[in-house]
Structures are given as structure tokens and as C-alpha cells.
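**Q** Input entry_35.txt, format and content: compact mmCIF, C-alpha atoms.
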```txt
# COMPACT_ATOMS: atom_id res chain seq x y z
CA MET E 1 18.95 -34.63 44.58
CA THR E 2 19.77 -31.73 46.83
CA THR E 3 17.28 -29.02 47.70
CA SER E 4 18.86 -26.54 45.27
CA GLU E 5 18.70 -29.09 42.46
CA VAL E 6 15.01 -29.73 43.16
CA MET E 7 14.27 -25.98 43.03
CA ILE E 8 16.18 -25.62 39.77
CA GLU E 9 14.25 -28.57 38.31
CA LYS E 10 10.92 -27.01 39.30
CA ARG E 11 11.89 -23.68 37.76
CA ASN E 12 12.97 -25.36 34.53
CA SER E 13 9.67 -27.29 34.43
CA LYS E 14 7.68 -24.07 34.84
CA ARG E 15 9.71 -22.37 32.13
CA ALA E 16 9.23 -25.31 29.77
CA LEU E 17 5.47 -25.33 30.46
CA LEU E 18 5.22 -21.58 29.89
CA ASP E 19 7.22 -21.92 26.67
CA SER E 20 4.86 -24.64 25.40
CA VAL E 21 1.76 -22.63 26.31
CA MET E 22 3.01 -19.48 24.58
CA ARG E 23 4.01 -21.47 21.50
CA ILE E 24 0.46 -22.83 21.26
CA VAL E 25 -1.04 -19.35 21.79
CA PHE E 26 1.11 -17.85 19.03
CA LEU E 27 0.31 -20.77 16.71
CA LEU E 28 -3.43 -20.32 17.30
CA SER E 29 -3.10 -16.58 16.67
CA THR E 30 -1.44 -17.30 13.35
CA LEU E 31 -4.00 -19.94 12.39
CA VAL E 32 -6.92 -17.59 13.08
CA GLY E 33 -5.68 -15.16 10.44
CA ILE E 34 -4.77 -17.89 7.97
CA VAL E 35 -8.09 -19.72 8.34
CA ALA E 36 -10.08 -16.49 7.98
CA LEU E 37 -8.09 -15.60 4.85
CA VAL E 38 -8.59 -19.06 3.33
CA ILE E 39 -12.34 -18.95 4.02
CA LEU E 40 -12.62 -15.46 2.54
CA ILE E 41 -10.65 -16.29 -0.61
CA GLY E 42 -12.49 -19.60 -1.01
CA SER E 43 -15.87 -17.89 -0.75
CA VAL E 44 -14.88 -15.21 -3.26
CA LEU E 45 -13.52 -17.77 -5.73
CA LYS E 46 -16.60 -19.95 -5.38
CA ASP E 47 -18.98 -17.07 -6.10
CA GLY E 48 -16.91 -15.18 -8.64
CA LEU E 49 -15.11 -17.64 -10.91
CA GLY E 50 -18.28 -18.41 -12.82
CA ALA E 51 -18.82 -14.72 -13.61
CA LEU E 52 -15.39 -14.24 -15.18
CA SER E 53 -15.83 -14.11 -18.94
CA ILE E 54 -14.81 -12.07 -21.96
CA GLU E 55 -18.00 -10.05 -21.68
CA PHE E 56 -17.23 -9.28 -18.06
CA PHE E 57 -14.01 -7.55 -19.15
CA THR E 58 -15.42 -5.86 -22.27
CA ASN E 59 -18.75 -4.52 -21.00
CA PHE E 60 -19.30 -1.27 -19.14
CA SER E 61 -21.28 -0.92 -15.93
CA SER E 62 -25.00 -1.64 -16.19
CA SER E 63 -28.04 -1.93 -13.94
CA ARG E 64 -28.70 -5.37 -15.42
CA PRO E 65 -26.32 -8.02 -14.04
CA GLU E 66 -26.24 -10.05 -17.24
CA ARG E 67 -24.91 -7.02 -19.14
CA ALA E 68 -22.65 -5.51 -16.47
CA GLY E 69 -18.87 -5.54 -16.77
CA ILE E 70 -15.74 -3.88 -15.45
CA LYS E 71 -14.19 -2.41 -18.59
CA GLY E 72 -14.47 1.20 -17.43
CA ALA E 73 -13.51 0.41 -13.82
CA LEU E 74 -10.51 -1.72 -14.83
CA ILE E 75 -9.08 0.85 -17.23
CA GLY E 76 -9.77 3.63 -14.73
CA THR E 77 -7.96 1.73 -11.96
CA ILE E 78 -4.93 1.21 -14.22
CA TRP E 79 -4.88 4.96 -14.98
CA LEU E 80 -5.24 5.75 -11.27
CA MET E 81 -2.42 3.51 -10.07
CA ALA E 82 -0.15 4.40 -13.00
CA LEU E 83 -0.30 8.04 -11.87
CA THR E 84 -0.49 7.53 -8.09
CA THR E 85 2.53 5.24 -7.84
CA PRO E 86 5.22 7.49 -9.38
CA ILE E 87 3.89 10.62 -7.64
CA ALA E 88 3.89 8.94 -4.23
CA ILE E 89 7.29 7.30 -4.70
CA PHE E 90 9.03 10.44 -5.95
CA LEU E 91 7.66 12.71 -3.21
CA SER E 92 7.98 10.18 -0.39
CA VAL E 93 11.50 8.94 -1.11
CA GLY E 94 12.64 12.52 -1.74
CA THR E 95 11.23 13.58 1.61
CA ALA E 96 12.87 10.65 3.37
CA LEU E 97 16.23 11.42 1.76
CA TYR E 98 16.09 15.05 2.84
CA LEU E 99 15.03 14.29 6.42
CA GLU E 100 17.59 11.51 6.88
CA GLU E 101 20.57 12.77 4.88
CA TYR E 102 20.35 16.57 4.62
CA ALA E 103 18.04 18.05 7.26
CA PRO E 104 19.66 19.24 10.51
CA LYS E 105 18.74 17.21 13.58
CA ASN E 106 16.83 19.74 15.64
CA LYS E 107 13.41 20.25 17.22
CA ILE E 108 11.79 21.34 13.96
CA THR E 109 12.95 18.20 12.17
CA ARG E 110 11.76 15.98 15.03
CA PHE E 111 8.41 17.78 15.02
CA ILE E 112 8.01 17.12 11.29
CA GLU E 113 8.97 13.45 11.68
CA VAL E 114 6.49 12.93 14.52
CA ASN E 115 3.68 14.48 12.50
CA ILE E 116 4.51 12.39 9.44
CA ALA E 117 4.38 9.25 11.59
CA ASN E 118 1.02 10.38 13.01
CA LEU E 119 -0.38 10.96 9.51
CA ALA E 120 0.14 7.27 8.75
CA GLY E 121 -2.71 6.49 11.13
CA VAL E 122 -5.19 9.13 9.93
CA PRO E 123 -8.42 7.64 8.49
CA SER E 124 -8.57 7.65 4.71
CA VAL E 125 -11.81 9.65 4.66
CA VAL E 126 -9.88 12.62 6.09
CA PHE E 127 -7.55 12.54 3.09
CA GLY E 128 -10.65 12.38 0.92
CA LEU E 129 -11.92 15.61 2.49
CA LEU E 130 -8.49 17.17 1.95
CA GLY E 131 -8.52 16.13 -1.70
CA LEU E 132 -12.07 17.46 -2.13
CA THR E 133 -11.13 20.84 -0.67
CA ILE E 134 -7.79 21.36 -2.43
CA PHE E 135 -7.68 19.38 -5.66
CA VAL E 136 -11.36 19.16 -6.60
CA ARG E 137 -12.58 22.63 -5.57
CA GLN E 138 -9.54 24.88 -5.08
CA PHE E 139 -7.54 23.72 -8.11
CA GLY E 140 -10.63 22.85 -10.15
CA PHE E 141 -9.54 19.35 -11.16
CA GLY E 142 -13.02 17.93 -10.51
CA ASN E 143 -13.49 14.19 -10.11
CA SER E 144 -10.62 13.44 -12.47
CA VAL E 145 -7.82 10.91 -12.49
CA LEU E 146 -5.38 13.63 -11.42
CA ALA E 147 -7.43 14.70 -8.39
CA ALA E 148 -7.89 11.11 -7.23
CA SER E 149 -4.20 10.27 -7.78
CA LEU E 150 -3.00 13.28 -5.81
CA THR E 151 -5.40 12.43 -2.99
CA LEU E 152 -4.28 8.81 -2.78
CA SER E 153 -0.64 9.89 -3.05
CA LEU E 154 -1.02 12.11 0.02
CA MET E 155 -2.71 9.24 1.83
CA ILE E 156 0.08 6.72 1.29
CA MET E 157 3.04 9.11 1.50
CA PRO E 158 3.48 8.82 5.32
CA VAL E 159 3.81 5.03 5.11
CA ILE E 160 6.47 5.21 2.39
CA ILE E 161 8.34 8.05 4.13
CA VAL E 162 8.56 6.21 7.45
CA SER E 163 9.68 2.93 5.87
CA SER E 164 12.16 4.72 3.60
CA LYS E 165 13.70 6.61 6.53
CA GLU E 166 14.16 3.35 8.44
CA ALA E 167 15.71 1.72 5.37
CA LEU E 168 18.12 4.62 4.90
CA ARG E 169 18.95 4.62 8.59
CA SER E 170 19.85 0.92 8.44
CA VAL E 171 22.72 1.61 6.02
CA PRO E 172 25.92 1.84 8.15
CA HIS E 173 27.50 5.28 8.40
CA SER E 174 30.89 3.70 7.76
CA ILE E 175 29.83 3.11 4.15
CA ARG E 176 28.99 6.78 3.72
CA GLU E 177 32.24 7.88 5.36
CA GLY E 178 34.27 5.51 3.20
CA SER E 179 32.65 6.81 0.00
CA ILE E 180 33.17 10.44 0.95
CA GLY E 181 36.72 9.63 2.02
CA LEU E 182 37.44 8.31 -1.48
CA GLY E 183 36.40 11.65 -2.96
CA ALA E 184 32.73 11.12 -3.79
CA SER E 185 30.30 13.97 -3.19
CA LYS E 186 27.37 13.60 -0.82
CA TRP E 187 24.88 13.12 -3.65
CA GLN E 188 27.13 10.56 -5.38
CA THR E 189 27.35 8.66 -2.11
CA ILE E 190 23.58 8.70 -1.67
CA TYR E 191 22.81 7.85 -5.31
CA ARG E 192 25.42 5.11 -5.82
CA ILE E 193 25.82 3.63 -2.33
CA VAL E 194 23.11 4.50 0.18
CA LEU E 195 19.99 4.43 -2.00
CA PRO E 196 20.70 1.07 -3.71
CA ALA E 197 21.47 -0.52 -0.33
CA ALA E 198 18.20 0.82 1.11
CA ILE E 199 15.99 -0.16 -1.84
CA PRO E 200 14.78 -3.49 -0.32
CA GLY E 201 13.35 -1.68 2.70
CA ILE E 202 11.96 1.13 0.58
CA ILE E 203 10.23 -1.32 -1.74
CA THR E 204 8.64 -3.04 1.25
CA GLY E 205 7.03 0.23 2.30
CA ILE E 206 5.90 0.91 -1.25
CA ILE E 207 4.25 -2.52 -1.44
CA LEU E 208 2.29 -1.88 1.77
CA ALA E 209 1.30 1.62 0.67
CA ILE E 210 0.17 0.69 -2.84
CA SER E 211 -1.74 -2.29 -1.45
CA ARG E 212 -3.68 0.13 0.70
CA ALA E 213 -4.27 2.66 -2.06
CA ILE E 214 -5.59 0.24 -4.67
CA GLY E 215 -8.40 -0.94 -2.42
CA GLU E 216 -9.47 2.37 -0.91
CA THR E 217 -13.06 3.47 -1.46
CA ALA E 218 -13.68 6.23 1.10
CA PRO E 219 -11.45 8.93 -0.50
CA LEU E 220 -12.93 8.20 -3.93
CA VAL E 221 -16.47 8.49 -2.56
CA VAL E 222 -15.68 11.82 -0.91
CA ILE E 223 -14.16 13.42 -4.01
CA GLY E 224 -17.13 12.25 -6.10
CA ILE E 225 -15.77 9.50 -8.36
CA PRO E 226 -18.80 8.15 -10.30
CA VAL E 227 -19.99 4.57 -9.74
CA ALA E 228 -21.38 4.30 -13.28
CA LEU E 229 -19.61 5.70 -16.34
CA LEU E 230 -19.83 4.47 -19.93
CA THR E 231 -16.53 5.94 -21.10
CA THR E 232 -12.85 5.47 -20.32
CA PRO E 233 -10.45 8.33 -19.56
CA ASP E 234 -8.31 9.72 -22.38
CA SER E 235 -6.24 12.00 -20.17
CA ILE E 236 -5.52 12.62 -16.50
CA PHE E 237 -8.13 15.38 -16.45
CA ASP E 238 -11.04 13.07 -17.38
CA SER E 239 -13.53 11.42 -15.05
CA PHE E 240 -13.12 7.72 -14.49
CA GLN E 241 -14.38 4.66 -12.69
CA ALA E 242 -12.39 2.58 -10.21
CA LEU E 243 -12.72 -1.05 -9.21
CA PRO E 244 -13.29 -0.34 -5.48
CA MET E 245 -16.14 2.03 -6.39
CA GLN E 246 -17.59 -0.48 -8.84
CA ILE E 247 -17.49 -3.26 -6.25
CA TYR E 248 -19.00 -0.91 -3.66
CA ASN E 249 -21.84 -0.11 -6.07
CA TRP E 250 -22.53 -3.77 -6.90
CA VAL E 251 -22.68 -4.72 -3.22
CA LYS E 252 -25.64 -2.35 -2.78
CA MET E 253 -27.58 -3.80 -5.72
CA PRO E 254 -30.62 -5.94 -4.74
CA GLN E 255 -30.43 -8.36 -7.69
CA GLU E 256 -28.95 -11.78 -6.94
CA GLY E 257 -26.77 -11.67 -10.06
CA PHE E 258 -24.65 -8.87 -8.65
CA VAL E 259 -23.33 -11.17 -5.88
CA ALA E 260 -21.30 -13.11 -8.44
CA LEU E 261 -20.23 -9.90 -10.17
CA THR E 262 -19.02 -8.47 -6.86
CA ALA E 263 -16.95 -11.57 -6.17
CA ALA E 264 -15.54 -11.49 -9.71
CA GLY E 265 -14.58 -7.84 -9.27
CA ILE E 266 -12.79 -8.71 -6.02
CA ILE E 267 -10.86 -11.47 -7.83
CA VAL E 268 -9.71 -9.01 -10.50
CA LEU E 269 -8.71 -6.47 -7.87
CA LEU E 270 -6.71 -9.10 -5.98
CA ALA E 271 -5.04 -10.21 -9.22
CA ILE E 272 -3.92 -6.64 -9.99
CA LEU E 273 -2.63 -6.27 -6.44
CA LEU E 274 -0.70 -9.53 -6.65
CA MET E 275 0.89 -8.58 -9.97
CA MET E 276 1.99 -5.21 -8.61
CA ASN E 277 3.40 -6.89 -5.50
CA LEU E 278 5.20 -9.46 -7.65
CA VAL E 279 6.97 -6.74 -9.62
CA ALA E 280 7.94 -4.96 -6.40
CA VAL E 281 9.22 -8.19 -4.82
CA LEU E 282 11.32 -8.99 -7.89
CA ILE E 283 12.91 -5.53 -7.71
CA ARG E 284 13.56 -5.94 -3.99
CA ASN E 285 15.11 -9.38 -4.43
CA LYS E 286 17.36 -8.13 -7.22
CA TYR E 287 18.89 -5.45 -5.04
CA SER E 288 18.96 -7.70 -1.97
CA LYS E 289 21.30 -10.03 -3.80
CA ARG E 290 23.51 -7.17 -4.93
CA PHE E 291 23.89 -5.53 -1.56
```
Any chance you could put this one into C-alpha cells?

**A**
Amino acid sequence: MTTSEVMIEKRNSKRALLDSVMRIVFLLSTLVGIVALVILIGSVLKDGLGALSIEFFTNFSSSRPERAGIKGALIGTIWLMALTTPIAIFLSVGTALYLEEYAPKNKITRFIEVNIANLAGVPSVVFGLLGLTIFVRQFGFGNSVLAASLTLSLMIMPVIIVSSKEALRSVPHSIREGSIGLGASKWQTIYRIVLPAAIPGIITGIILAISRAIGETAPLVVIGIPVALLTTPDSIFDSFQALPMQIYNWVKMPQEGFVALTAAGIIVLLAILLMMNLVAVLIRNKYSKRF
């Protein structure tokens, strides 16, 4: 081989070696997360499956592990997410539509977008303080379902707004121009063409946001959600329990029996999260096939 061929061969060998090394590094990085997740889920299932029973779902919170259950926390969590989800989706998607489709592209708009993106990284306890100041004290909602839902909605709105804007931006402008050229109004174009095409991306952001909201404890602690309550809410203005708060309370208990109850509560929380994600994925897949 000539000198140039030898140099090319050496370079190709180095590139192949580097490619193999980086492939192994990326594989190990992936395995670390997967192994940690498997160990965590396995530990929770091992400790908590035995505690799952009818009484566990029908009993209220108690200081005695053999009598403790998640009835109040489970119903309270359902109330919380049933109110948080539509509020967050309506406000977030509406904001994204205005910023992407209607708002003029100027310094004020860019300033708002930058601040919304920054809010996505703000610690959840800060939103808890905001909810305590505005919804609990200023508006007088107290530690109710409404106050907690509004607080969590504000917390997850930046995530949904950013993902929704990116989903709307990914729809080609030629589709909008073609619709308007055929005589459709701007709102008809958005409602019938742009929004359905962007739904898969929007749903992805909603899944991430709701997944964060359902497991948050810090905002609920700050606004004063009780850890023990022997009633279930009858309206959005009633106090309630939530599964993250219940699990947080059981973790602090010294009795050995609460270890299994904590793991069982985590299993129920994960099951609710998976069901919500399943519904969101089905909706996303439906529109992905259409558009």
C-alpha cells in the first residue's frame, strides 16, 4: 500500500475504535437508568404487593398500620387531577396558540417566551409559595381542591406551553396558506388543520406535565394540604388528602408496618400515572395516524 493508503487506513481504524467506544458508553448510560428503574420497581413491588387488599382501598388514614388505608387520599387525588388537567390544558394550549399564531413577533413577545421557558425550571416549592399567597390567603380558598389544582396548574403550564408551541411550529406554513387560500378564516385553519396536526406533540407535553404534577409533594405541603383526613371532598372547595402527601406521611412513621403501606401507596400512584399516560398515548396515536 502507498503512504496515503496507510494513513487513510489508520484514520479509519481510529474512527472505528472511537465509534465502538462511544457506542459502549451510550449503552452503559442507558443501562444505568434501566437497571436503577428495575431495582426500584422490584423493591416497591416486593414490599407493597402484600399490603394491597380491599381494606387498603376502603379504609381511611390511621396511626395504626393494620387499620390504615388510602381511601381519602385516592379519592382526593382523583379530584385533584380531574380539576388540574383541564385547567392546565385549556390555559396552556390557549397561550401557545396566541403566542404562535396571533401575537406579533417583537421584543415583548420574545421576552414573554423566554420567561415562560425559564418558569419550566423553577422549583415546585416556589409555586407552592405562590399558591399559598394568592389562592389560599388572597382569594380565601384555603387548603381546598381548587387551591391545590390552581397551584399545580401554574406549575405545569410552562412545560405544556413550550411543547405546544414547538408542536404548532412544526406544522408547515404551506398548510396554513393553502387553507386560507381556499377561503377558510384564520380560526378555521387553526381549529381544523393546525391544531389536529399538532396534537401528537401537544399530548407529549401534557403527559410529561401531568406526570410531574401527580407526584408533587412540595406545593401541597406549602399550601397546607392535611396528611390525615377522615372525609372525602364533596366539592372543589373542600379539604382533601392526596396520595403524595399520604406516602410522605407514612415514610415518616416509625412502625415497621408502614413500610409496606408506603410501597403499596407508590404502586397505586404509579398505576394511576400509567393509566393516565395510556389514555394520552392512545389519543396521540389516533391523531398521528390521521395526520

**Q** I need the residue nearest Val145 (chain E) from this list: E:Gln246, E:Ser164, E:Gln241, E:Thr95. Use only C-alpha atoms for the distance.

**A**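 That would be E:Gln241, the residue with the smallest distance to Val145 (chain E).
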
**Q** Separation of CA of Val125 (chain E) and CA of Leu273 (chain E), in Å?

**A**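 Separation of CA of Val125 (chain E) and CA of Leu273 (chain E): 21.5 Å.
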
**Q** I'd like a table as CSV: residues in region 122-169 of chain E with an atom no more than 8 Å from region 190-209 of chain E, each row giving the shortest atom pair and its distance in Å to one decimal, all atoms listed in the file counted, sorted by chain and rising residue number.

**A**
```
residue,atom,partner,partner_atom,distance
E:Ile156,CA,E:Ala209,CA,5.3
E:Met157,CA,E:Ala209,CA,7.7
E:Val159,CA,E:Ala209,CA,6.1
E:Ile160,CA,E:Gly205,CA,5.0
E:Ser163,CA,E:Gly205,CA,5.2
E:Ser164,CA,E:Ile202,CA,4.7
E:Glu166,CA,E:Gly201,CA,7.7
E:Ala167,CA,E:Gly201,CA,4.9
E:Leu168,CA,E:Ala198,CA,5.4
```

**Q** How many Å lie between CA of Leu91 (chain E) and CA of Met276 (chain E), rounded to one decimal?

**A**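 Between CA of Leu91 (chain E) and CA of Met276 (chain E) the gap works out to 19.6 Å.
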
**Q** In Å, rounded to a single decimal, give me how far CA of Val114 (chain E) is from CA of Leu83 (chain E).

**A** 27.7 Å

**Q** With a distance cut-off of 10 Å and only C-alpha atoms, select the neighbouring residues of Gly69 (chain E), excluding the residue or stretch itself and same-chain residues fewer than 6 positions from it, and output the selection as a list in words.

**A**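 In the requested format, the answer is Ala51, Leu52, Ser53, Ile54, Glu55, Phe56, Phe57, Thr58, Asn59, Phe60, Ser61, Ser62, Gln246, Leu261, Ala264 and Gly265 of chain E.
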
**Q** Can you pull out every residue within 7 Å of Leu243 (chain E), counting only C-alpha atoms, but drop anything in the same chain fewer than 3 positions away, and send it as a PDB file with C-alpha atoms, in the coordinates of the input?

**A**
```pdb
ATOM      1  CA  ALA E  73     -13.510   0.410 -13.820  1.00  0.00           C
ATOM      2  CA  LEU E  74     -10.510  -1.720 -14.830  1.00  0.00           C
ATOM      3  CA  THR E  77      -7.960   1.730 -11.960  1.00  0.00           C
ATOM      4  CA  GLN E 246     -17.590  -0.480  -8.840  1.00  0.00           C
ATOM      5  CA  ILE E 247     -17.490  -3.260  -6.250  1.00  0.00           C
ATOM      6  CA  LEU E 269      -8.710  -6.470  -7.870  1.00  0.00           C
TER       7      LEU E 269
END
```

**Q** Report as a PDB file with C-alpha atoms, in the frame of the given file all protein, DNA and RNA residues lying within 9 Å of Lys186 (chain E), evaluated on all atoms listed in the file, omitting residues in the same chain fewer than 5 positions from it.

**A**
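Written out: around22.pdb:
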```pdb
ATOM      1  CA  GLU E 101      20.570  12.770   4.880  1.00  0.00           C
ATOM      2  CA  ARG E 176      28.990   6.780   3.720  1.00  0.00           C
ATOM      3  CA  SER E 179      32.650   6.810   0.000  1.00  0.00           C
ATOM      4  CA  ILE E 180      33.170  10.440   0.950  1.00  0.00           C
ATOM      5  CA  TYR E 191      22.810   7.850  -5.310  1.00  0.00           C
TER       6      TYR E 191
END
```

**Q** If you count only C-alpha atoms, which residues fall within 12 Å of Ile41 (chain E), apart from same-chain ones fewer than 4 positions away, as a list in words?

**A**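 Within the cut-off, the hits are Ile34, Val35, Ala36, Leu37, Leu45, Lys46, Asp47, Gly48, Leu49, Ala263, Ala264, Ile266, Ile267, Leu270 and Ala271 of chain E.
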
**Q** Distance cut-off 12 Å, centre (-28.4, -11.0, -8.3) in file coordinates, counting all atoms listed in the file: which residues qualify? Return them as a CSV table (one decimal) with C-alpha atoms, in the coordinates of the input.

**A**
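Contents of the output file selection37.csv:
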```
chain,number,residue,atom,x,y,z
E,47,ASP,CA,-19.0,-17.1,-6.1
E,51,ALA,CA,-18.8,-14.7,-13.6
E,63,SER,CA,-28.0,-1.9,-13.9
E,64,ARG,CA,-28.7,-5.4,-15.4
E,65,PRO,CA,-26.3,-8.0,-14.0
E,66,GLU,CA,-26.2,-10.0,-17.2
E,68,ALA,CA,-22.6,-5.5,-16.5
E,250,TRP,CA,-22.5,-3.8,-6.9
E,251,VAL,CA,-22.7,-4.7,-3.2
E,252,LYS,CA,-25.6,-2.4,-2.8
E,253,MET,CA,-27.6,-3.8,-5.7
E,254,PRO,CA,-30.6,-5.9,-4.7
E,255,GLN,CA,-30.4,-8.4,-7.7
E,256,GLU,CA,-29.0,-11.8,-6.9
E,257,GLY,CA,-26.8,-11.7,-10.1
E,258,PHE,CA,-24.6,-8.9,-8.6
E,259,VAL,CA,-23.3,-11.2,-5.9
E,260,ALA,CA,-21.3,-13.1,-8.4
E,261,LEU,CA,-20.2,-9.9,-10.2
E,262,THR,CA,-19.0,-8.5,-6.9
E,263,ALA,CA,-17.0,-11.6,-6.2
```

**Q** Region 46-55 of chain E, all listed atoms, 3 Å padding on each side: what axis-aligned box centre and edge lengths in Å to one decimal come out, as lines of an AutoDock Vina configuration file?

**A**
```
center_x = -16.9
center_y = -15.0
center_z = -13.7
size_x = 10.2
size_y = 15.9
size_z = 22.6
```

**Q** Between E:Gly142, E:Asn249, E:Val221, E:Ser149, which is the closest to Ile78 (chain E) once you count all atoms listed in the file?

**A** E:Ser149

**Q** Measuring atom to atom with only C-alpha atoms, identify which of E:Ile70, E:Ala184, E:Ala16, E:Leu99 is nearest to Met245 (chain E).

**A**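 Closest candidate: E:Ile70.
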
**Q** From the set E:Ser124, E:Pro172, E:Lys286, E:Leu278, which residue has the shortest atom-to-atom contact distance to Ile223 (chain E), counting all atoms listed in the file?

**A**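 Closest to Ile223 (chain E), using all atoms listed in the file: E:Ser124.
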
**Q** If you take only C-alpha atoms and a cut-off of 8 Å, which residues of region 134-165 of chain E touch region 212-220 of chain E, and what are their nearest atom pairs and distances in Å to one decimal, in chain and number order, as JSON lines?

**A**
```
{"residue": "E:Ala148", "atom": "CA", "partner": "E:Leu220", "partner_atom": "CA", "distance": 6.7}
{"residue": "E:Thr151", "atom": "CA", "partner": "E:Pro219", "partner_atom": "CA", "distance": 7.4}
{"residue": "E:Leu152", "atom": "CA", "partner": "E:Ala213", "partner_atom": "CA", "distance": 6.2}
{"residue": "E:Met155", "atom": "CA", "partner": "E:Ala213", "partner_atom": "CA", "distance": 7.8}
{"residue": "E:Ile156", "atom": "CA", "partner": "E:Ala213", "partner_atom": "CA", "distance": 6.8}
```

**Q** Using only C-alpha atoms, what residues lie at most 6 Å away from (3.5, 9.5, 6.5) (file coordinates), given as a tab-separated table (two decimals) with C-alpha atoms, in the coordinates of the input?

**A**
```tsv
chain	number	residue	atom	x	y	z
E	116	ILE	CA	4.51	12.39	9.44
E	117	ALA	CA	4.38	9.25	11.59
E	119	LEU	CA	-0.38	10.96	9.51
E	120	ALA	CA	0.14	7.27	8.75
E	157	MET	CA	3.04	9.11	1.50
E	158	PRO	CA	3.48	8.82	5.32
E	159	VAL	CA	3.81	5.03	5.11
E	161	ILE	CA	8.34	8.05	4.13
```
